[in-house]
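Text of my_file07.txt, listed as compact mmCIF, C-alpha atoms:
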```
# COMPACT_ATOMS: atom_id res chain seq x y z
CA MET I 1 92.82 84.09 108.71
CA LYS I 2 96.27 83.57 107.27
CA GLY I 3 99.05 86.09 107.73
CA THR I 4 100.85 88.23 105.17
CA LEU I 5 104.47 88.95 104.36
CA PHE I 6 105.31 92.64 103.95
CA VAL I 7 108.60 93.27 102.18
CA VAL I 8 109.89 96.78 102.93
CA SER I 9 112.74 97.98 100.75
CA GLY I 10 114.49 101.03 99.30
CA PRO I 11 117.98 102.55 99.02
CA SER I 12 120.01 102.61 102.21
CA GLY I 13 119.79 105.92 104.04
CA VAL I 14 116.17 106.37 103.05
CA GLY I 15 114.87 105.84 106.58
CA LYS I 16 112.95 102.58 106.17
CA THR I 17 114.23 101.10 109.42
CA SER I 18 113.09 104.20 111.37
CA ILE I 19 109.62 103.85 109.88
CA ILE I 20 109.44 100.15 110.75
CA ASN I 21 110.70 100.69 114.29
CA SER I 22 108.01 103.33 114.89
CA LEU I 23 105.39 100.80 113.81
CA ILE I 24 106.09 98.21 116.50
CA ASN I 25 103.84 99.77 119.13
CA LYS I 26 101.18 100.84 116.67
CA LEU I 27 100.18 97.47 115.21
CA ASP I 28 98.98 94.14 116.56
CA ASN I 29 100.13 90.79 115.42
CA VAL I 30 103.43 91.90 113.90
CA VAL I 31 106.67 89.91 113.77
CA PHE I 32 109.96 90.76 112.13
CA SER I 33 111.57 88.29 109.81
CA VAL I 34 114.77 86.90 111.32
CA SER I 35 117.61 86.29 108.84
CA CYS I 36 120.18 83.51 108.77
CA THR I 37 123.85 84.46 108.69
CA THR I 38 127.22 82.76 108.68
CA ARG I 39 128.93 85.65 110.45
CA ALA I 40 129.82 85.29 114.13
CA PRO I 41 127.41 86.76 116.72
CA ARG I 42 128.44 90.15 118.07
CA PRO I 43 128.32 90.72 121.84
CA GLY I 44 124.71 90.88 122.98
CA GLU I 45 123.23 89.32 119.83
CA VAL I 46 120.83 86.48 120.52
CA ASP I 47 120.38 83.47 118.24
CA GLY I 48 116.81 83.35 116.91
CA VAL I 49 116.19 87.00 117.79
CA ASP I 50 118.82 89.06 115.98
CA TYR I 51 119.79 86.31 113.55
CA PHE I 52 119.80 82.58 113.20
CA PHE I 53 123.55 81.93 113.40
CA VAL I 54 124.55 78.97 111.24
CA SER I 55 127.77 77.47 109.88
CA LYS I 56 128.79 77.97 106.29
CA GLU I 57 128.17 74.25 105.65
CA LYS I 58 124.63 74.49 107.04
CA PHE I 59 123.97 77.62 104.97
CA MET I 60 125.16 75.96 101.74
CA LYS I 61 122.95 72.97 102.51
CA MET I 62 119.99 75.33 103.02
CA ILE I 63 120.65 76.96 99.64
CA GLU I 64 120.72 73.52 98.05
CA ASN I 65 117.37 72.64 99.65
CA SER I 66 115.75 75.92 98.49
CA GLU I 67 115.20 76.96 102.10
CA PHE I 68 115.69 80.68 101.41
CA LEU I 69 113.32 83.25 99.97
CA GLU I 70 116.49 85.15 99.05
CA TRP I 71 120.14 85.11 100.02
CA ALA I 72 123.30 87.10 99.27
CA GLU I 73 126.97 87.34 100.13
CA VAL I 74 128.02 90.59 101.83
CA HIS I 75 131.67 91.23 102.73
CA GLY I 76 132.41 87.51 102.65
CA ASN I 77 129.50 86.52 104.90
CA LEU I 78 126.29 84.87 103.80
CA TYR I 79 122.88 86.29 104.70
CA GLY I 80 119.50 84.79 103.85
CA THR I 81 115.77 84.97 104.61
CA PRO I 82 114.54 81.54 105.70
CA LYS I 83 111.29 80.41 104.11
CA LYS I 84 110.33 78.31 107.13
CA PHE I 85 110.12 81.26 109.55
CA VAL I 86 107.93 83.18 107.11
CA LEU I 87 105.62 80.27 106.28
CA GLU I 88 105.16 79.28 109.93
CA ASN I 89 104.18 82.82 110.86
CA ILE I 90 101.82 83.09 107.92
CA GLU I 91 100.06 79.97 109.22
CA LYS I 92 99.79 81.68 112.63
CA GLY I 93 98.08 84.68 111.01
CA LYS I 94 100.97 87.08 111.68
CA ARG I 95 101.95 90.16 109.72
CA ILE I 96 105.61 89.51 108.98
CA ILE I 97 107.82 92.48 108.17
CA LEU I 98 110.95 91.91 106.13
CA ASP I 99 113.35 94.89 105.97
CA ILE I 100 115.64 94.16 103.04
CA ASP I 101 117.64 95.72 100.19
CA VAL I 102 116.06 96.11 96.76
CA GLN I 103 117.94 93.24 95.12
CA GLY I 104 116.81 90.90 97.90
CA ALA I 105 113.23 92.14 97.64
CA LEU I 106 113.16 91.37 93.92
CA GLN I 107 114.46 87.87 94.65
CA VAL I 108 111.66 87.37 97.21
CA LYS I 109 109.16 88.51 94.58
CA LYS I 110 110.25 85.70 92.30
CA ASN I 111 109.82 83.10 95.04
CA PHE I 112 106.80 84.44 96.90
CA ASP I 113 104.46 86.55 94.84
CA ASP I 114 101.75 86.62 97.51
CA ALA I 115 103.78 89.06 99.59
CA VAL I 116 103.14 92.82 99.66
CA PHE I 117 106.06 94.88 98.35
CA ILE I 118 106.56 98.40 99.73
CA PHE I 119 109.24 100.73 98.35
CA VAL I 120 110.48 103.61 100.51
CA ALA I 121 111.99 106.40 98.38
CA PRO I 122 113.81 109.59 99.36
CA PRO I 123 112.20 112.93 98.36
CA SER I 124 114.97 113.07 95.74
CA TYR I 125 118.29 111.48 94.89
CA GLU I 126 119.90 114.77 95.94
CA VAL I 127 118.39 114.55 99.43
CA LEU I 128 119.59 110.95 99.74
CA ARG I 129 123.13 111.97 98.76
CA GLU I 130 123.13 114.73 101.39
CA ARG I 131 121.80 112.35 104.07
CA LEU I 132 124.49 109.77 103.33
CA LEU I 133 127.24 112.45 103.28
CA LYS I 134 126.08 113.82 106.64
CA ARG I 135 126.19 110.38 108.23
CA GLY I 136 129.93 110.47 107.58
CA THR I 137 130.44 106.93 108.85
CA GLU I 138 131.77 105.50 105.63
CA LYS I 139 134.82 105.68 103.44
CA THR I 140 134.40 107.65 100.22
CA GLU I 141 134.59 104.53 98.10
CA ALA I 142 131.82 102.72 99.97
CA LEU I 143 129.70 105.86 99.86
CA LEU I 144 130.08 106.26 96.12
CA LYS I 145 129.14 102.62 95.63
CA ARG I 146 126.03 103.12 97.77
CA LEU I 147 125.03 106.17 95.71
CA GLU I 148 125.63 104.32 92.46
CA ASN I 149 123.47 101.45 93.78
CA ALA I 150 120.73 103.89 94.76
CA LYS I 151 120.23 104.93 91.13
CA TRP I 152 119.63 101.33 90.10
CA GLU I 153 117.41 100.75 93.14
CA LEU I 154 115.24 103.78 92.38
CA SER I 155 114.73 102.48 88.84
CA LYS I 156 113.14 99.32 90.31
CA MET I 157 110.39 100.97 92.34
CA ILE I 158 107.84 100.17 89.64
CA GLU I 159 108.14 96.50 90.63
CA PHE I 160 106.71 97.27 94.08
CA ASN I 161 103.01 97.41 95.04
CA TYR I 162 103.28 100.55 97.15
CA LEU I 163 105.51 103.61 97.09
CA ILE I 164 106.16 105.85 100.10
CA VAL I 165 108.20 109.00 99.54
CA ASN I 166 109.73 109.52 102.98
CA ASP I 167 109.64 113.31 103.32
CA ASP I 168 108.04 113.22 106.78
CA LEU I 169 108.62 110.32 109.19
CA GLU I 170 105.29 110.69 110.99
CA LYS I 171 103.35 110.68 107.70
CA SER I 172 105.35 107.70 106.41
CA VAL I 173 104.59 105.72 109.57
CA LEU I 174 100.86 106.44 109.21
CA VAL I 175 100.95 105.41 105.55
CA MET I 176 102.81 102.17 106.21
CA LYS I 177 100.45 101.32 109.06
CA SER I 178 97.49 101.99 106.75
CA ILE I 179 98.93 99.80 104.00
CA ILE I 180 99.46 96.93 106.43
CA ILE I 181 95.95 97.19 107.93
CA GLY I 182 94.29 97.72 104.55
CA GLU I 183 96.00 94.74 102.95
CA SER I 184 94.76 92.51 105.79
CA TYR I 185 91.20 93.24 104.65
CA LYS I 186 91.64 92.29 101.01
CA THR I 187 88.76 89.98 100.18
CA THR I 188 91.15 87.33 98.88
CA ARG I 189 92.94 87.27 102.24
CA ILE I 190 90.02 87.57 104.63
CA LEU I 191 87.35 85.40 103.02
CA THR I 192 87.89 82.06 104.71
CA GLU I 193 85.50 79.12 104.86
CA GLU I 194 84.92 79.89 108.53
CA LEU I 195 83.97 83.49 107.80
CA ILE I 196 81.51 82.37 105.11
CA LYS I 197 79.98 79.84 107.50
CA ASN I 198 79.50 82.49 110.20
CA LEU I 199 78.14 84.98 107.72
CA PHE I 200 75.45 82.70 106.35
CA LYS I 201 74.39 81.51 109.77
CA GLY I 202 70.62 81.97 109.86
CA VAL I 203 70.15 81.53 106.12
CA SER I 204 69.96 77.76 105.92
CA ASP I 205 67.80 77.22 108.98
CA ARG I 206 64.82 79.24 107.86
CA MET W 1 98.52 112.78 91.57
CA LYS W 2 95.14 111.62 90.28
CA GLY W 3 92.27 110.80 92.61
CA THR W 4 90.55 107.50 93.22
CA LEU W 5 86.94 106.35 93.31
CA PHE W 6 86.01 104.25 96.35
CA VAL W 7 82.78 102.31 95.96
CA VAL W 8 81.36 101.31 99.34
CA SER W 9 78.57 98.75 99.27
CA GLY W 10 76.81 96.02 101.22
CA PRO W 11 73.30 94.98 102.27
CA SER W 12 71.11 97.72 103.71
CA GLY W 13 71.16 97.80 107.50
CA VAL W 14 74.81 96.80 107.60
CA GLY W 15 75.97 100.23 108.81
CA LYS W 16 78.01 101.40 105.83
CA THR W 17 76.64 104.93 105.98
CA SER W 18 77.60 105.25 109.66
CA ILE W 19 81.15 104.19 108.81
CA ILE W 20 81.39 106.68 105.96
CA ASN W 21 79.97 109.53 108.04
CA SER W 22 82.55 108.90 110.76
CA LEU W 23 85.30 109.19 108.13
CA ILE W 24 84.55 112.75 107.07
CA ASN W 25 86.63 114.42 109.76
CA LYS W 26 89.36 111.80 109.69
CA LEU W 27 90.53 112.09 106.08
CA ASP W 28 91.76 114.87 103.81
CA ASN W 29 90.74 115.39 100.26
CA VAL W 30 87.48 113.45 100.38
CA VAL W 31 84.31 114.19 98.42
CA PHE W 32 81.06 112.26 98.26
CA SER W 33 79.64 111.32 94.92
CA VAL W 34 76.42 113.22 94.23
CA SER W 35 73.72 111.25 92.41
CA CYS W 36 71.25 112.43 89.78
CA THR W 37 67.57 111.84 90.41
CA THR W 38 64.25 112.55 88.73
CA ARG W 39 62.37 112.74 92.02
CA ALA W 40 61.35 116.14 93.37
CA PRO W 41 63.59 117.81 95.98
CA ARG W 42 62.40 117.41 99.56
CA PRO W 43 62.34 120.48 101.81
CA GLY W 44 65.91 121.50 102.64
CA GLU W 45 67.55 119.47 99.89
CA VAL W 46 70.03 121.45 97.79
CA ASP W 47 70.68 120.82 94.09
CA GLY W 48 74.29 119.76 93.54
CA VAL W 49 74.75 118.89 97.22
CA ASP W 50 72.13 116.27 98.10
CA TYR W 51 71.35 115.37 94.49
CA PHE W 52 71.47 116.77 91.01
CA PHE W 53 67.75 117.17 90.35
CA VAL W 54 66.92 116.63 86.68
CA SER W 55 63.81 116.05 84.57
CA LYS W 56 62.90 112.60 83.30
CA GLU W 57 63.68 113.76 79.74
CA LYS W 58 67.14 114.97 80.77
CA PHE W 59 67.80 111.69 82.61
CA MET W 60 66.78 109.58 79.60
CA LYS W 61 69.07 111.69 77.41
CA MET W 62 71.93 111.11 79.88
CA ILE W 63 71.35 107.34 79.75
CA GLU W 64 71.45 107.52 75.94
CA ASN W 65 74.76 109.43 76.07
CA SER W 66 76.31 106.92 78.53
CA GLU W 67 76.69 109.63 81.14
CA PHE W 68 76.10 107.30 84.08
CA LEU W 69 78.45 104.90 85.83
CA GLU W 70 75.27 103.14 86.93
CA TRP W 71 71.57 103.93 87.17
CA ALA W 72 68.41 102.27 88.44
CA GLU W 73 64.68 102.84 88.88
CA VAL W 74 63.46 102.82 92.48
CA HIS W 75 59.76 103.25 93.28
CA GLY W 76 59.14 104.91 89.92
CA ASN W 77 61.99 107.40 90.22
CA LEU W 78 65.31 107.24 88.39
CA TYR W 79 68.62 107.47 90.23
CA GLY W 80 72.09 107.48 88.68
CA THR W 81 75.77 108.16 89.37
CA PRO W 82 77.05 110.75 86.89
CA LYS W 83 80.41 109.93 85.30
CA LYS W 84 81.30 113.60 84.89
CA PHE W 85 81.31 114.39 88.63
CA VAL W 86 83.53 111.38 89.31
CA LEU W 87 85.97 112.06 86.45
CA GLU W 88 86.30 115.76 87.29
CA ASN W 89 87.14 114.97 90.91
CA ILE W 90 89.60 112.28 89.89
CA GLU W 91 91.42 114.94 87.81
CA LYS W 92 91.49 117.16 90.92
CA GLY W 93 93.16 114.36 92.91
CA LYS W 94 90.17 113.78 95.20
CA ARG W 95 89.18 110.61 96.97
CA ILE W 96 85.58 110.15 95.90
CA ILE W 97 83.32 108.01 98.04
CA LEU W 98 80.29 106.39 96.46
CA ASP W 99 77.82 104.81 98.90
CA ILE W 100 75.68 102.49 96.80
CA ASP W 101 73.75 99.19 96.77
CA VAL W 102 75.47 96.02 95.59
CA GLN W 103 73.76 95.84 92.22
CA GLY W 104 74.83 99.43 91.48
CA ALA W 105 78.39 98.71 92.62
CA LEU W 106 78.63 95.77 90.21
CA GLN W 107 77.39 98.02 87.39
CA VAL W 108 80.10 100.58 88.27
CA LYS W 109 82.67 97.79 88.19
CA LYS W 110 81.76 97.04 84.58
CA ASN W 111 82.17 100.68 83.57
CA PHE W 112 85.06 101.79 85.75
CA ASP W 113 87.42 99.05 86.78
CA ASP W 114 90.02 101.44 88.21
CA ALA W 115 87.82 102.10 91.25
CA VAL W 116 88.36 100.42 94.63
CA PHE W 117 85.44 98.24 95.72
CA ILE W 118 84.77 97.81 99.44
CA PHE W 119 82.09 95.44 100.76
CA VAL W 120 80.68 95.98 104.23
CA ALA W 121 79.19 92.76 105.65
CA PRO W 122 77.23 92.09 108.85
CA PRO W 123 78.81 89.70 111.40
CA SER W 124 76.15 87.24 110.18
CA TYR W 125 72.90 87.17 108.23
CA GLU W 126 71.16 86.52 111.55
CA VAL W 127 72.52 89.75 113.05
CA LEU W 128 71.41 91.66 109.96
CA ARG W 129 67.90 90.23 110.26
CA GLU W 130 67.71 91.27 113.90
CA ARG W 131 68.97 94.78 113.10
CA LEU W 132 66.39 95.26 110.36
CA LEU W 133 63.59 93.91 112.56
CA LYS W 134 64.55 96.27 115.41
CA ARG W 135 64.46 99.28 113.08
CA GLY W 136 60.76 98.57 112.67
CA THR W 137 60.29 101.32 110.11
CA GLU W 138 59.11 99.08 107.31
CA LYS W 139 56.18 96.99 106.30
CA THR W 140 56.68 93.24 106.59
CA GLU W 141 56.63 92.81 102.84
CA ALA W 142 59.40 95.38 102.22
CA LEU W 143 61.43 93.88 105.05
CA LEU W 144 61.19 90.37 103.65
CA LYS W 145 62.26 91.64 100.24
CA ARG W 146 65.25 93.38 101.82
CA LEU W 147 66.28 90.17 103.61
CA GLU W 148 65.87 88.14 100.44
CA ASN W 149 68.06 90.70 98.62
CA ALA W 150 70.67 90.52 101.34
CA LYS W 151 71.28 86.83 100.59
CA TRP W 152 72.05 87.60 96.96
CA GLU W 153 74.14 90.61 97.96
CA LEU W 154 76.26 88.58 100.39
CA SER W 155 76.96 86.07 97.63
CA LYS W 156 78.56 88.88 95.59
CA MET W 157 81.20 89.97 98.12
CA ILE W 158 83.87 88.02 96.27
CA GLU W 159 83.64 90.60 93.47
CA PHE W 160 84.91 93.31 95.82
CA ASN W 161 88.54 94.22 96.56
CA TYR W 162 88.10 94.61 100.30
CA LEU W 163 85.79 93.08 102.88
CA ILE W 164 84.96 94.68 106.22
CA VAL W 165 82.86 92.67 108.65
CA ASN W 166 81.16 95.43 110.63
CA ASP W 167 81.13 93.97 114.15
CA ASP W 168 82.59 97.12 115.74
CA LEU W 169 81.98 100.58 114.29
CA GLU W 170 85.23 102.09 115.59
CA LYS W 171 87.29 99.25 114.13
CA SER W 172 85.45 99.42 110.82
CA VAL W 173 86.12 103.17 110.56
CA LEU W 174 89.84 102.60 111.20
CA VAL W 175 89.95 99.84 108.58
CA MET W 176 88.14 101.88 105.93
CA LYS W 177 90.40 104.85 106.62
CA SER W 178 93.44 102.57 106.26
CA ILE W 179 92.17 101.12 103.00
CA ILE W 180 91.62 104.61 101.55
CA ILE W 181 95.05 105.92 102.63
CA GLY W 182 96.85 102.72 101.62
CA GLU W 183 95.29 102.63 98.15
CA SER W 184 96.46 106.21 97.55
CA TYR W 185 100.04 104.96 97.84
CA LYS W 186 99.76 102.16 95.27
CA THR W 187 102.76 102.59 92.97
CA THR W 188 100.50 102.59 89.91
CA ARG W 189 98.55 105.53 91.33
CA ILE W 190 101.36 107.60 92.85
CA LEU W 191 104.15 107.25 90.29
CA THR W 192 103.62 110.30 88.09
CA GLU W 193 106.08 111.87 85.67
CA GLU W 194 106.47 114.77 88.08
CA LEU W 195 107.36 112.48 90.96
CA ILE W 196 109.96 110.69 88.85
CA LYS W 197 111.44 114.04 87.77
CA ASN W 198 111.74 115.19 91.38
CA LEU W 199 113.12 111.88 92.50
CA PHE W 200 115.93 111.79 89.97
CA LYS W 201 116.89 115.41 90.55
CA GLY W 202 120.62 115.38 91.14
CA VAL W 203 121.26 112.28 89.06
CA SER W 204 121.51 113.83 85.61
CA ASP W 205 123.61 116.82 86.64
CA ARG W 206 126.60 114.92 88.00
```
Rewrite the structure from the file as structure tokens, please.
Amino acid sequence: MKGTLFVVSGPSGVGKTSIINSLINKLDNVVFSVSCTTRAPRPGEVDGVDYFFVSKEKFMKMIENSEFLEWAEVHGNLYGTPKKFVLENIEKGKRIILDIDVQGALQVKKNFDDAVFIFVAPPSYEVLRERLLKRGTEKTEALLKRLENAKWELSKMIEFNYLIVNDDLEKSVLVMKSIIIGESYKTTRILTEELIKNLFKGVSDR
Amino acid sequence: MKGTLFVVSGPSGVGKTSIINSLINKLDNVVFSVSCTTRAPRPGEVDGVDYFFVSKEKFMKMIENSEFLEWAEVHGNLYGTPKKFVLENIEKGKRIILDIDVQGALQVKKNFDDAVFIFVAPPSYEVLRERLLKRGTEKTEALLKRLENAKWELSKMIEFNYLIVNDDLEKSVLVMKSIIIGESYKTTRILTEELIKNLFKGVSDR
């Protein structure tokens, strides 16, 4: 059976990374998509695990060759999701999880419609604003930009297959786990030639 | 949020009823679809719980008025799935489970495409044959007819949204539970006006 790409997205501060991290020990056969970046590795970061670290020239070449499912420039550095990693793991039958912003997710949708798109929303915009304010790690300007972005992002949730309102981490983890397991049993995904052959064993030889 | 109809089907002997019965205590908000029948109640059977017991005249009238999602004659008695029960429980936000043969499921699909269709298959036709033979509760003729039916039924699995190969009851229960929870979080099902209003609270009043 082939694997599936799960694209998990939503406004920043919504808690999607916490949900995903809680999933690791609760699901088999899961890998996380590793992004490419042109920024320098930070201490402790491992090439191929945290990121694929590439030169700007290499990255531009990869864009030219359509090697990304999506890419973007953030603070002068380039970030992208390599197609090859995703396709190889789909062949291996893995469930690949891609944790990405909404704009990136919509780009992936254009290039790879067979993926499953999951939107994580806050209970309300108000709650999101409070969460981001409490974090207190950002300058006012960056924070306001994030909040402005969130409005646009929330308006895009209709483009996603599933919607999880994250009002309770434990519930959200259970729901995301259920979505991932359930999707693996879609007839279109599971019905391989091999399965059909096994199933009809005993029919032809009567 | 509105409810959803889950139609669970597959050849007889495949174990779908065992899976469903194990679900009862593992899911909230679940009801089982109650069928109409013209056969007489057996001792202990309760009207409205086991079946809705109706006269043949009433049943024929209900067919005329398109009050069934599907109906069939079995051994001279009429059986049918009443639309009203399903629609009322969808309004109440329930997850309605309908345990039904493949032909009935395909009839439901024609009348109610918004339902979720789950096919439970045996690991192989051979295993199914052995299971039915071991049961030993039937005459040879009935058994042969059941096995002949099973071939046709297996050929229809492609019409279903999900496919569970029942090679391990515990796994099958987990998968069916996941499908039911996951489907409840489809954006098209969960995104109500009320949810949108709550979500954007705090946006308009800035």
| field | Check: which chain I residues lie within 7 Å of chain W using all atoms listed in the file, as a VMD selection string | value | chain I and resid 123 to 126 158 160 to 164 175 178 to 179 181 to 182 185 to 187 198 to 203
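The shortest atom-to-atom distance to Asp47 in chain W, with all atoms listed in the file taken into account, belongs to W:Ser35 out of W:Leu69, W:Gly93, W:Val120, W:Ser35.
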| task | Between CA of Lys94 in chain W and CA of Lys110 in chain W, measure the distance and give it in Å to one decimal. | result |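 Separation between CA of Lys94 in chain W and CA of Lys110 in chain W: 21.5 Å.
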| request: Find the residues near Glu73 in chain I: any atom within 12 Å, counting all atoms listed in the file, skip ones fewer than 2 places away on the same chain, and give them as a VMD selection string. | output: chain I and resid 36 to 39 56 59 to 60 70 to 71 75 to 80 103 to 104
| query | Separation of CA of Ala115 in chain W and CA of Leu5 in chain W, in Å? | reply | 4.8 Å
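Put simply, CA of Val86 in chain W is 22.1 Å away from CA of Ser18 in chain W.
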Nearby residues, (63.0, 95.9, 96.9) file frame, 12 Å, all atoms listed in the file, as a PDB file with C-alpha atoms, keeping the file's coordinate frame:
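And here's out-v4.pdb as it stands now:
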```pdb
ATOM      1  CA  PRO W  11      73.300  94.980 102.270  1.00  0.00           C
ATOM      2  CA  SER W  12      71.110  97.720 103.710  1.00  0.00           C
ATOM      3  CA  ALA W  72      68.410 102.270  88.440  1.00  0.00           C
ATOM      4  CA  GLU W  73      64.680 102.840  88.880  1.00  0.00           C
ATOM      5  CA  VAL W  74      63.460 102.820  92.480  1.00  0.00           C
ATOM      6  CA  HIS W  75      59.760 103.250  93.280  1.00  0.00           C
ATOM      7  CA  ASP W 101      73.750  99.190  96.770  1.00  0.00           C
ATOM      8  CA  GLN W 103      73.760  95.840  92.220  1.00  0.00           C
ATOM      9  CA  GLU W 138      59.110  99.080 107.310  1.00  0.00           C
ATOM     10  CA  LYS W 139      56.180  96.990 106.300  1.00  0.00           C
ATOM     11  CA  THR W 140      56.680  93.240 106.590  1.00  0.00           C
ATOM     12  CA  GLU W 141      56.630  92.810 102.840  1.00  0.00           C
ATOM     13  CA  ALA W 142      59.400  95.380 102.220  1.00  0.00           C
ATOM     14  CA  LEU W 143      61.430  93.880 105.050  1.00  0.00           C
ATOM     15  CA  LEU W 144      61.190  90.370 103.650  1.00  0.00           C
ATOM     16  CA  LYS W 145      62.260  91.640 100.240  1.00  0.00           C
ATOM     17  CA  ARG W 146      65.250  93.380 101.820  1.00  0.00           C
ATOM     18  CA  LEU W 147      66.280  90.170 103.610  1.00  0.00           C
ATOM     19  CA  GLU W 148      65.870  88.140 100.440  1.00  0.00           C
ATOM     20  CA  ASN W 149      68.060  90.700  98.620  1.00  0.00           C
ATOM     21  CA  ALA W 150      70.670  90.520 101.340  1.00  0.00           C
TER      22      ALA W 150
END
```
| note | Counting only C-alpha atoms, closest pick from I:Ala105, I:Ala40, I:Glu194, I:Gly48 relative to Glu153 in chain I is I:Ala105
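Comparing W:Glu57, W:Glu193, W:Glu64, W:Glu88 by their smallest distance to Ser33 in chain W, the closest is W:Glu88 (using all atoms listed in the file).
Taking all atoms listed in the file into account, Phe32 in chain I lies nearest to I:Leu98 out of the set I:Val7, I:Leu98, I:Lys16, I:Glu45.
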| note | Min atom-atom distance to Leu27 in chain W from the set W:Lys171, W:Arg95, W:Asn111, W:Gly136, counting all atoms listed in the file, belongs to W:Arg95
